[in-house]
Amino acid sequence: MEAEKIISIDTKHYKENISRRNLAEKIFNVILLISVLFGLLMLTVLIIDIAVGGIAWVRPELFENYHSRKPENAGMKSAIAGSIIVILLTGLFSFPVGVGAAIYLEEYAPKNRLTDFINLNINNLAGVPSIVYGMLGLVVFGRMFGLFSKDSWFVNLFNIPIESGATGGWKFFLFDIPWLEIHLPFGRSMVAGALTMSLLILPIVIIASREAIRAVPPSIREGGYALGTTKWHVIGTLVLPIAFPGILTGMILSLSRAIGETAPLIIMGAFTYVPFLPKTVWDQFTVIPIQIYNWITLPQPEYRVHLAAAGILVLLVILFLMNGIAIYLRKKFEIKW
Amino acid sequence: MLKNLSKSSFISFYNPQRVRNLRERIIAITLFGCGVFSILVTIGIIISLFSEAIGFFLRPEVNLITFLTGTNWRPLASQVSPENFGVRPLIRGTLMIAVISGSIALPLGLGSAIYLSEYASDRLRSILKPSLELLAGIPTVVYGYFALSFVTPILKVVLEDQLGIRVSFFNAFSAAVVVGIMIIPIVASISEDAMRAVPRSLREGAYALGATKFEVSTKVVVPAALSGIISAFIIGISRAIGETMAVTIAAGATPRMTLNPLDGIQTMTAFIVQVSFGDAPSGSINGQSIFAVGATLFMMTFVMNIISASILKRFREVYE
Amino acid sequence: MNLTSNIQSYSINFHDDATIINANQLNIYYSGKLTVENFNLQVPKNKITALIGPSGCGKSSVIRSFNRMNDIIPGFSLEGKIIYKGKNIYSSREDPVRIRRQIGMVFQKPNPFPKSIYENVAFGARVNKYQGNLDELVESSLIQAALWDEVKDKLKESAYALSGGQQQRLCIARAIAVSPDILLMDEPASALDPVATLKIEELMWELKDKYTIVVVTHNMQQASRVSDYTAFMSLDREKIEDRIGVLVEFDETTKLFTNPKLKETEDYITGRFG
Amino acid sequence: MNLTSNIQSYSINFHDDATIINANQLNIYYSGKLTVENFNLQVPKNKITALIGPSGCGKSSVIRSFNRMNDIIPGFSLEGKIIYKGKNIYSSREDPVRIRRQIGMVFQKPNPFPKSIYENVAFGARVNKYQGNLDELVESSLIQAALWDEVKDKLKESAYALSGGQQQRLCIARAIAVSPDILLMDEPASALDPVATLKIEELMWELKDKYTIVVVTHNMQQASRVSDYTAFMSLDREKIEDRIGVLVEFDETTKLFTNPKLKETEDYITGRFG
Amino acid sequence: SGSNATPAPSQPESNQSEPTEATISEPASSSELAILEGDVIVDGSSTVFPVTTAVAEEFALVAPNVRVSVGLSGTGGGFKVFCVGETDISDASRPIKDSEIEVCQSNGIEYVEFLVALDGLTVMVNPENDWLNEISAEQLAALLGASSTITKWSDLDPSYPEEEILFFIPDPDSGTRDYMTEVVEGVSGDEDLRQDENTTFSSDDNVLLDGIANEKYAFGFFGYAYYINNKDSVKAVPVVNGDGNAVLPSDETVQNGTYNPLSRPLFIYVNQNSLQTKPQVVEFVRFFFGPDGGPAIMSDVGYSMPPTGSYEANLGLLAGSIQ
Ligand SMILES: Nc1ncnc2c1ncn2[C@@H]1O[C@H](COP(=O)(O)OP(=O)(O)OP(=O)(O)O)[C@@H](O)[C@H]1O
Ligand SMILES: Nc1ncnc2c1ncn2[C@@H]1O[C@H](COP(=O)(O)OP(=O)(O)OP(=O)(O)O)[C@@H](O)[C@H]1O
Ligand SMILES: [Mg+2]
Ligand SMILES: [Mg+2]
């Protein structure tokens, strides 16, 4: 009785219109290609525009000299040093916490509300504008809520040995050993800048590390457990070594984001003329993008057009190198499961 | 030839179970601390922004209503009064950047994503995608510089000289164009991930019914990945809203209630940078005003992030 | 012809039924690597032909060649001819989009689109500019796929709300809706539980009046239950390291299972290997 | 006891061999959902016991319970006892880490670590602080796994350079190296080609002198070829919608395949369903 | 001589200031300078920034181990950190305000003020502007005052084009702006400059420069230094001075005071405590006013030397405050 209800499906009803659909296909293809090429075209134009202005000014003085009032002498030695040290510190600060959080979330976290909340929170932090991190850094690291001003209740309560000085902060010595010195608040120091940058990239580090850890197939973990291995052993001797190249790649890419960040450091007061190399991590500093911004704001066209472009070129080369290393690492250690 | 596997060699090996369990436990707690740290960061952001912002709103010279509704933003004027603290010009400037850059980046980003995910060969894709992502990695100072030295002059030549439309040297449009270029890869990358997460079996199902690639892409893949794509859009837009240096350099510094993108404007972020060069210390009204603006900015992106996260979550659930 | 000892070649049209697809000396390559060699098969019209063989011998590769589904796999290439309705479907004048409408396919894992049940069935009709009444088409397709009664009250609901077996029947309905001549099925029941499997098998029997069916299966019991003809593929024993798939034996199912011509076939169906 | 019509329960120790694992009234849950119900099995020592049954009936769930591998799955919980060496391995005083060293496991897909062949075999010994000569241990394990001759010249090379079958034997060598009593194997050959499968089967025969082996397989031919005892699991027919796995029949392999006690077993092994 | 707007340097408010080190009052020899170490922390006006950094650059040649860092926070911003003792020297493009003095006093910060240079505030229009050829203080006040009603050029003079004026004005944190405010206030009583939709504020003089250089109907002002480096892209407007002559800013007219009322003094403020305890600060300030300091760099950075004798007076002041 069902069969009677069947309406015949007739091929004649199909007007396939193959040729018209193939035309639509071709047009669509061209539109898509254009949208990809637009981005790449812009990248090319941008690089050419900058290279034309700056290539001749990438010369030894750029690396050997500090900023000078004479464009022909001007360089960005302290900015390069500042960028490198801040980036290294940023890596140092964000790596353990970021990877730790990634391990926790991938390997330990139970499926519960708190975990959901942490996940949501991390995604959220990844979308917080960098300038907001600058404001966080200013208040928390730069000023430390004013807790360490001379007569604050906090200082009085804990009897903190504060030594007033014209260093942008106060310092106290731990056990009188200079390398343990800590300046409170962190003021405009590299430590403050790097801590701020660490928070800024932390969500990216966590997300990238999680991906690397997740890419290790569960079968590897099972193989480990089945041999009588504890959880931390499985993670420490199997998962992390395998995920490490991926984690490192994510780390480098995150740092390459940090190295170009300007706004948070401006908020923290890193827009400074620093004609010396830092001696300690508590020194004032400036970084390459700020030096570029500084040059863009100077009156002489040599700075605005040429030196700024030269600085940008250096920054771009550093970025390309970091990206290149990341891609290389990814390729080299890629495992075909 | 078989050597005897002595089980006894294994008996002595274990550190006592208790010691081992203690170690496992300490590790787990440490890692938990790392996981929870991100919550501390959020709390830190909220405290640092809002503690100062609340001080701002508690001042007699300002109030929350005129802050949110007022159309004049003159916090630097010497006479401090509520009508000089209307944040809407900054919000409008910010949104103008977001809308224009979005209308550039969203279609181009989506087009790029479709191309990369559906059309490009693996090799082409492995070249195109990182190149495109370089765009996102370029410091935004560079984009500002590019806007001033390249985009604005072109606008001047094309619009002002040829068509007689006035183009301010500092204008929202140039800044928005470069911000748009900057967020293309963000939109493209996240959308592409969403589209590649659509199982190949769905594409095959459609091909097997006699669909062309165009039909498969637009009628199956894009709809299936829609929430991921929307979320990419939101993330891109929220990036544009938070963008700082490019708009500081190229969009001008005039908090203006305008709808003309060829005028100079000021965004929330640019205002914060502007005041920061005054290194306003805690307590002064200028110093507090940036925290009020910062808090507003944070709330805007926060809401957008929450929305995109919830969309993305629902999307992931479909295929898991 | 480079035939190896354990493989027998068959003359065209050795069976009595009309041939609808004639695969002629197919060589299938992935990224230049030979994967299936010298494959010849005449698929009888309005019958069910089963394709069996150990994992990796190329069953999917072959069946997916029959409607050019492999075209979308990068690195795939094919030598030889597949004649359908007197034309080589691989000739450059043929459009794969049209061929795929005429030769439908059902996959191992049910793959409904994340749309409503109705839209799933209507999808192929819409893209192929169906001129008739869409509602009728959907109904009739679902009836043929023995799914109508189960879903007629929830056509607007998501296809993902159905069970695995229902989803697979939905995929069959979807394939039927574009009125193909042939249905290719690649292990259509291997992701389903025994009850759902039985339903699919029954459905295949009902469909073979109107459609020619080619079905790949891992399950010899299934092949023997459901098919009229069986083709047994295996790896070329002479070049076992190269892992090249070949057709070992093709015959009526009853003959092949009760009285296989080759020792290898016998070994396989009696479970001595595989 | 809540037994349903199609399932028979067996008295403890119905077979003559010494029991090494005694699973007693196991109920297995995932996220609170009952998945395997009232499972009882006495695994005979130094024999090969096969676990067969249709997909999803809980074979993997059961075998993974035998060495607490399921502990790492969130949501897993178990009722009942599994007695090994006179102790319930699920008692809180037992350390799952030690149990897993004593009851090794081999998985469906070969899962060597991305390290050298040598390091793969040595891994378990290292983490368990093996006191003896590591080189000898590696050699002896590889010899037992019938892999030594093929790899002795490339011990430092990556395990991924091996073929699938070799990788699986490496995983067996790796499991042997920590000198377990029991080897659990979950479809150890189902990802392998027929030739490699045969090698694994031969290896199992050789190993059963020293180890007790429990093997899950989809392939009834394999079960009949390789095992001494066979346990047949299926879904509880009474509550088919709940998809609850139960033990249907357990017997010597020859008996179970030639003369099954239950109709359901017969249907399954003759291919009438599944 | 000198414009009436230039206040006399205030006396250091040193009540106690006992010399802690005897050597500090004697100029260091070059070999002593070469081994001198320590930090000198400067912050403040963006206008003075180029002067201080240029001096610091020269100073580094003779005292390579002294680390002079110069921040850029605006005059007001500079005083905010200066008056809590965080910096040694504050750059200022205007004298310290009473409110700031109070903060300093409440924190026990004493300081010495030094006049370091003169800047001719330059009124500027677009090079294509061929109608505005001189400007008076009254016109300035009418254009820039907070109560100004002028929005089009024709509002200023009916013969001018009927086009909206775009104003480019330094940021409130800058001394440049404060100085103009004083001038305007002196004429019209307006206590602030205009702030409306056609006005762009920036602490970045280049923003102003770019704006004026690119907008035909622009009007603005900023420091002479930015003008002198960009003479081709903007047009300076001669200002009618107290004697009724229209004068263009130049090194000469600024220094000899004929360019008034828009030539203004630039200062550095030095923390008294730093002078007592940090020899490197003393040496830096001393170098500032020596022949290789300010005089050597002034024309490079585009400012004018203060009236003859000012630097000698500064050195005297320095010697006095370290006694
Ligand atoms: N897209 C591809 N690219 C490269 N090689 C492929 C591809 N698809 C299949 N192959 C290879 O071709 C051979 C045959 O694969 P195919 O999937 O056709 O076998 P099958 O008989 O269907 O196996 P199964 O029973 O496991 O489905 C295998 O060795 C496989 O690795
Ligand atoms: N980690 C898990 N979480 C939730 N449910 C699970 C989990 N693992 C298995 N199950 C469910 O338990 C049931 C039994 O699964 P199991 O893998 O034990 O079956 P199986 O007999 O091994 O099947 P196969 O032959 O397909 O391997 C299935 O319904 C499955 O969906
Ligand atoms: Mg297949
Ligand atoms: Mg299983």
# chains A, B, ... in the order shown; residues from 1 in each chain; ligands from 1
>>> calpha_fit_rmsd(fixed="chain C", moving="chain D")
0.1 Å
>>> residues_near_ligand(ligand="ligand 3", cutoff="12 Å", atoms="only C-alpha atoms and all ligand atoms", output="MDAnalysis selection string")
chainID C and resid 51:64 107:109 185:188 190 215:218 233
>>> residues_around(residues="C:Glu249", least_positions_apart="3", cutoff="12 Å", atoms="only C-alpha atoms", output="number ranges by chain")
C: 6-11, 39-41, 50-53, 229-234, 246, 252-253, 255-257, 259-266, 268-269
>>> write_last_selection(atoms="C-alpha atoms", output="mmCIF file, in the first residue's frame")
data_model
loop_
_atom_site.group_PDB
_atom_site.id
_atom_site.type_symbol
_atom_site.label_atom_id
_atom_site.label_comp_id
_atom_site.auth_asym_id
_atom_site.auth_seq_id
_atom_site.Cartn_x
_atom_site.Cartn_y
_atom_site.Cartn_z
ATOM 1 C CA ASN C 6 46.831 -15.510 -8.615
ATOM 2 C CA ILE C 7 44.559 -13.289 -10.636
ATOM 3 C CA GLN C 8 42.289 -14.402 -13.391
ATOM 4 C CA SER C 9 40.982 -12.067 -16.028
ATOM 5 C CA TYR C 10 37.426 -12.247 -17.247
ATOM 6 C CA SER C 11 36.029 -11.689 -20.664
ATOM 7 C CA PHE C 39 40.582 -3.668 -12.930
ATOM 8 C CA ASN C 40 37.800 -4.929 -15.200
ATOM 9 C CA LEU C 41 34.180 -5.220 -14.164
ATOM 10 C CA ALA C 50 28.894 -6.551 -3.859
ATOM 11 C CA LEU C 51 32.568 -5.670 -3.696
ATOM 12 C CA ILE C 52 34.431 -7.524 -0.966
ATOM 13 C CA GLY C 53 38.024 -7.904 0.010
ATOM 14 C CA TYR C 229 26.870 -10.752 -7.840
ATOM 15 C CA THR C 230 30.054 -10.514 -5.862
ATOM 16 C CA ALA C 231 33.435 -9.212 -6.894
ATOM 17 C CA PHE C 232 36.342 -10.226 -4.715
ATOM 18 C CA MET C 233 39.333 -7.927 -4.635
ATOM 19 C CA SER C 234 42.611 -8.533 -2.924
ATOM 20 C CA VAL C 246 43.450 -6.373 -8.037
ATOM 21 C CA GLU C 252 27.218 -14.746 -9.074
ATOM 22 C CA THR C 253 27.166 -14.492 -5.327
ATOM 23 C CA LYS C 255 28.552 -19.471 -6.973
ATOM 24 C CA LEU C 256 31.345 -17.420 -5.544
ATOM 25 C CA PHE C 257 30.470 -18.317 -1.985
ATOM 26 C CA ASN C 259 32.179 -22.836 -5.191
ATOM 27 C CA PRO C 260 34.923 -20.283 -5.630
ATOM 28 C CA LYS C 261 37.200 -20.858 -8.582
ATOM 29 C CA LEU C 262 40.337 -19.689 -6.887
ATOM 30 C CA LYS C 263 42.052 -20.872 -3.755
ATOM 31 C CA GLU C 264 42.564 -17.303 -2.596
ATOM 32 C CA THR C 265 38.860 -16.562 -2.748
ATOM 33 C CA GLU C 266 38.125 -19.659 -0.799
ATOM 34 C CA TYR C 268 39.166 -15.386 2.249
ATOM 35 C CA ILE C 269 35.528 -16.381 2.459
#
>>> atom_distance(atom1="atom CA of A:Ala24", atom2="atom CA of B:Phe214")
7.5 Å
>>> interface_residues(of="chain C", to="chain D", cutoff="10 Å", atoms="only C-alpha atoms", output="list in words")
Pro54, Ser55, Gly56, Cys57, Ala189, Ser190, Ala191, Leu192, Asp193, Pro194, Val195, Thr197, Leu198, Asn219, Met220, Gln221, Gln222, Ser224, Arg225, Leu235, Ile240, Arg243, Tyr268, Ile269, Thr270, Gly271, Arg272, Phe273 and Gly274 of chain C
>>> interface_residues(of="chain A", to="chain B", cutoff="6 Å", atoms="only C-alpha atoms", output="VMD selection string")
chain A and resid 25 32 35 to 36 97 100 to 101 104 124 129 136 139 260 267
>>> write_last_selection(atoms="N, CA and C atoms", output="PDB file, in the first residue's frame")
ATOM      1  N   GLU A  25      30.613  29.109 -11.310  1.00  0.00           N
ATOM      2  CA  GLU A  25      31.785  28.527 -10.669  1.00  0.00           C
ATOM      3  C   GLU A  25      33.046  29.329 -10.994  1.00  0.00           C
ATOM      4  N   LEU A  32      37.102  34.977  -5.443  1.00  0.00           N
ATOM      5  CA  LEU A  32      37.853  34.485  -4.286  1.00  0.00           C
ATOM      6  C   LEU A  32      39.335  34.776  -4.422  1.00  0.00           C
ATOM      7  N   SER A  35      40.094  38.224  -3.573  1.00  0.00           N
ATOM      8  CA  SER A  35      40.134  38.592  -2.154  1.00  0.00           C
ATOM      9  C   SER A  35      41.407  38.102  -1.482  1.00  0.00           C
ATOM     10  N   VAL A  36      41.913  36.959  -1.901  1.00  0.00           N
ATOM     11  CA  VAL A  36      43.197  36.535  -1.317  1.00  0.00           C
ATOM     12  C   VAL A  36      44.303  37.469  -1.776  1.00  0.00           C
ATOM     13  N   VAL A  97      53.965  29.604  33.236  1.00  0.00           N
ATOM     14  CA  VAL A  97      52.546  29.711  33.598  1.00  0.00           C
ATOM     15  C   VAL A  97      51.671  29.260  32.432  1.00  0.00           C
ATOM     16  N   GLY A 100      51.996  25.530  31.942  1.00  0.00           N
ATOM     17  CA  GLY A 100      51.366  24.901  33.098  1.00  0.00           C
ATOM     18  C   GLY A 100      49.854  24.929  32.975  1.00  0.00           C
ATOM     19  N   ALA A 101      49.334  26.084  32.600  1.00  0.00           N
ATOM     20  CA  ALA A 101      47.881  26.190  32.454  1.00  0.00           C
ATOM     21  C   ALA A 101      47.396  25.271  31.338  1.00  0.00           C
ATOM     22  N   TYR A 104      47.385  21.791  32.597  1.00  0.00           N
ATOM     23  CA  TYR A 104      46.266  21.598  33.519  1.00  0.00           C
ATOM     24  C   TYR A 104      44.971  21.398  32.737  1.00  0.00           C
ATOM     25  N   ASN A 124      38.388  34.944  26.442  1.00  0.00           N
ATOM     26  CA  ASN A 124      38.043  36.322  26.640  1.00  0.00           C
ATOM     27  C   ASN A 124      39.285  37.196  26.741  1.00  0.00           C
ATOM     28  N   PRO A 129      41.698  44.210  24.373  1.00  0.00           N
ATOM     29  CA  PRO A 129      42.627  45.078  23.643  1.00  0.00           C
ATOM     30  C   PRO A 129      43.946  45.247  24.394  1.00  0.00           C
ATOM     31  N   LEU A 136      46.388  47.880  32.886  1.00  0.00           N
ATOM     32  CA  LEU A 136      46.569  46.921  33.975  1.00  0.00           C
ATOM     33  C   LEU A 136      48.012  46.968  34.474  1.00  0.00           C
ATOM     34  N   VAL A 139      48.854  50.093  36.509  1.00  0.00           N
ATOM     35  CA  VAL A 139      48.313  50.123  37.870  1.00  0.00           C
ATOM     36  C   VAL A 139      48.931  49.033  38.737  1.00  0.00           C
ATOM     37  N   GLY A 260      56.060  43.483  18.586  1.00  0.00           N
ATOM     38  CA  GLY A 260      55.516  44.603  17.824  1.00  0.00           C
ATOM     39  C   GLY A 260      54.576  45.482  18.622  1.00  0.00           C
ATOM     40  N   ILE A 267      51.657  53.306  27.414  1.00  0.00           N
ATOM     41  CA  ILE A 267      50.878  53.594  28.615  1.00  0.00           C
ATOM     42  C   ILE A 267      51.758  53.481  29.846  1.00  0.00           C
TER      43      ILE A 267
END
>>> interface_residues(of="chain E", to="chain B", cutoff="7 Å", atoms="only C-alpha atoms", output="MDAnalysis selection string")
chainID E and resid 72:74 76:77 80 172:173 192 197 199:203 211 214:215
>>> atom_distance(atom1="atom CA of B:Val221", atom2="atom CA of B:Ile190")
14.2 Å
>>> atom_distance(atom1="atom CA of C:Gln168", atom2="atom CA of C:Val36")
28.2 Å
>>> residues_around(residues="E:Leu143", least_positions_apart="4", cutoff="10 Å", atoms="only C-alpha atoms", output="number ranges by chain")
E: 137-139, 147-153, 155-156, 165, 167, 184, 193-194, 219-220
>>> interface_residues(of="chain A", to="chain D", cutoff="12 Å", atoms="only C-alpha atoms", output="MDAnalysis selection string")
chainID A and resid 107:112 216:234 236:243 333:337
>>> interface_residues(of="chain B", to="chain C", cutoff="9 Å", atoms="only C-alpha atoms", output="list of chain:residue names")
B:Ser121, B:Asp122, B:Pro199, B:Ser201, B:Leu202, B:Glu204, B:Gly205, B:Ala206, B:Tyr207, B:Ala208, B:Leu209, B:Gly210, B:Ala211, B:Thr212, B:Glu215, B:Lys219, B:Val220, B:Pro223, B:Ala224, B:Val318
>>> select_by_dssp(residues="stretch 26-242 of chain C", states="strand (DSSP E)", output="ChimeraX atom specification")
/C:26-30,33-44,48-52,76-84,87-88,103-106,182-186,212-216,229-235
>>> residues_around(residues="E:Gly44", least_positions_apart="6", cutoff="12 Å", atoms="only C-alpha atoms", output="ChimeraX atom specification")
/A:269,271-273 /B:277-280 /E:50-53,69-83,86-94,96,173-175,266-270
>>> residues_around(residues="A:Val314", least_positions_apart="4", cutoff="10 Å", atoms="only C-alpha atoms", output="MDAnalysis selection string")
chainID A and resid 54:55 58 62:63 80 288 308:310 318:320
>>> closest_residue(among="B:Leu226, B:Thr218, B:Arg200, B:Ile237", to="ligand 1", atoms="only C-alpha atoms and all ligand atoms")
B:Arg200
>>> decode(residues="stretch 158-176 of chain C", atoms="N, CA, C and O atoms", output="PDB file, in the first residue's frame")
ATOM      1  N   SER C 158      16.073  19.079  12.732  1.00  0.00           N
ATOM      2  CA  SER C 158      17.423  18.838  12.245  1.00  0.00           C
ATOM      3  C   SER C 158      17.639  17.356  11.988  1.00  0.00           C
ATOM      4  O   SER C 158      17.190  16.496  12.743  1.00  0.00           O
ATOM      5  N   ALA C 159      18.345  17.068  10.908  1.00  0.00           N
ATOM      6  CA  ALA C 159      18.631  15.681  10.583  1.00  0.00           C
ATOM      7  C   ALA C 159      19.491  15.028  11.656  1.00  0.00           C
ATOM      8  O   ALA C 159      19.507  13.807  11.793  1.00  0.00           O
ATOM      9  N   TYR C 160      20.183  15.853  12.437  1.00  0.00           N
ATOM     10  CA  TYR C 160      21.052  15.292  13.459  1.00  0.00           C
ATOM     11  C   TYR C 160      20.267  14.711  14.628  1.00  0.00           C
ATOM     12  O   TYR C 160      20.827  14.037  15.480  1.00  0.00           O
ATOM     13  N   ALA C 161      18.961  15.003  14.666  1.00  0.00           N
ATOM     14  CA  ALA C 161      18.165  14.441  15.752  1.00  0.00           C
ATOM     15  C   ALA C 161      17.821  12.982  15.481  1.00  0.00           C
ATOM     16  O   ALA C 161      17.316  12.299  16.357  1.00  0.00           O
ATOM     17  N   LEU C 162      18.094  12.501  14.278  1.00  0.00           N
ATOM     18  CA  LEU C 162      17.769  11.102  13.949  1.00  0.00           C
ATOM     19  C   LEU C 162      18.843  10.158  14.470  1.00  0.00           C
ATOM     20  O   LEU C 162      19.978  10.567  14.726  1.00  0.00           O
ATOM     21  N   SER C 163      18.476   8.876  14.602  1.00  0.00           N
ATOM     22  CA  SER C 163      19.475   7.881  14.992  1.00  0.00           C
ATOM     23  C   SER C 163      20.369   7.578  13.789  1.00  0.00           C
ATOM     24  O   SER C 163      20.075   7.951  12.656  1.00  0.00           O
ATOM     25  N   GLY C 164      21.470   6.875  14.066  1.00  0.00           N
ATOM     26  CA  GLY C 164      22.422   6.586  12.998  1.00  0.00           C
ATOM     27  C   GLY C 164      21.778   5.871  11.822  1.00  0.00           C
ATOM     28  O   GLY C 164      21.990   6.225  10.660  1.00  0.00           O
ATOM     29  N   GLY C 165      20.967   4.862  12.121  1.00  0.00           N
ATOM     30  CA  GLY C 165      20.330   4.105  11.044  1.00  0.00           C
ATOM     31  C   GLY C 165      19.368   4.965  10.246  1.00  0.00           C
ATOM     32  O   GLY C 165      19.296   4.877   9.028  1.00  0.00           O
ATOM     33  N   GLN C 166      18.620   5.811  10.968  1.00  0.00           N
ATOM     34  CA  GLN C 166      17.703   6.715  10.265  1.00  0.00           C
ATOM     35  C   GLN C 166      18.477   7.704   9.402  1.00  0.00           C
ATOM     36  O   GLN C 166      18.092   8.000   8.269  1.00  0.00           O
ATOM     37  N   GLN C 167      19.579   8.192   9.951  1.00  0.00           N
ATOM     38  CA  GLN C 167      20.388   9.125   9.172  1.00  0.00           C
ATOM     39  C   GLN C 167      20.859   8.468   7.883  1.00  0.00           C
ATOM     40  O   GLN C 167      20.854   9.095   6.821  1.00  0.00           O
ATOM     41  N   GLN C 168      21.270   7.199   7.985  1.00  0.00           N
ATOM     42  CA  GLN C 168      21.758   6.537   6.787  1.00  0.00           C
ATOM     43  C   GLN C 168      20.618   6.386   5.768  1.00  0.00           C
ATOM     44  O   GLN C 168      20.817   6.584   4.570  1.00  0.00           O
ATOM     45  N   ARG C 169      19.422   6.067   6.260  1.00  0.00           N
ATOM     46  CA  ARG C 169      18.310   5.974   5.307  1.00  0.00           C
ATOM     47  C   ARG C 169      17.971   7.341   4.723  1.00  0.00           C
ATOM     48  O   ARG C 169      17.603   7.471   3.557  1.00  0.00           O
ATOM     49  N   LEU C 170      18.152   8.364   5.556  1.00  0.00           N
ATOM     50  CA  LEU C 170      17.950   9.722   5.029  1.00  0.00           C
ATOM     51  C   LEU C 170      18.939   9.998   3.894  1.00  0.00           C
ATOM     52  O   LEU C 170      18.588  10.589   2.871  1.00  0.00           O
ATOM     53  N   CYS C 171      20.165   9.558   4.079  1.00  0.00           N
ATOM     54  CA  CYS C 171      21.162   9.771   3.033  1.00  0.00           C
ATOM     55  C   CYS C 171      20.779   9.015   1.762  1.00  0.00           C
ATOM     56  O   CYS C 171      21.039   9.483   0.654  1.00  0.00           O
ATOM     57  N   ILE C 172      20.171   7.852   1.964  1.00  0.00           N
ATOM     58  CA  ILE C 172      19.708   7.111   0.785  1.00  0.00           C
ATOM     59  C   ILE C 172      18.563   7.868   0.110  1.00  0.00           C
ATOM     60  O   ILE C 172      18.538   8.030  -1.112  1.00  0.00           O
ATOM     61  N   ALA C 173      17.627   8.371   0.929  1.00  0.00           N
ATOM     62  CA  ALA C 173      16.527   9.167   0.362  1.00  0.00           C
ATOM     63  C   ALA C 173      17.072  10.359  -0.406  1.00  0.00           C
ATOM     64  O   ALA C 173      16.615  10.701  -1.497  1.00  0.00           O
ATOM     65  N   ARG C 174      18.073  10.994   0.171  1.00  0.00           N
ATOM     66  CA  ARG C 174      18.677  12.158  -0.448  1.00  0.00           C
ATOM     67  C   ARG C 174      19.285  11.789  -1.798  1.00  0.00           C
ATOM     68  O   ARG C 174      19.183  12.538  -2.776  1.00  0.00           O
ATOM     69  N   ALA C 175      19.915  10.617  -1.832  1.00  0.00           N
ATOM     70  CA  ALA C 175      20.526  10.191  -3.086  1.00  0.00           C
ATOM     71  C   ALA C 175      19.458   9.854  -4.127  1.00  0.00           C
ATOM     72  O   ALA C 175      19.591  10.171  -5.304  1.00  0.00           O
ATOM     73  N   ILE C 176      18.371   9.215  -3.665  1.00  0.00           N
ATOM     74  CA  ILE C 176      17.286   8.838  -4.588  1.00  0.00           C
ATOM     75  C   ILE C 176      16.617  10.067  -5.189  1.00  0.00           C
ATOM     76  O   ILE C 176      16.184  10.057  -6.347  1.00  0.00           O
TER      77      ILE C 176
END
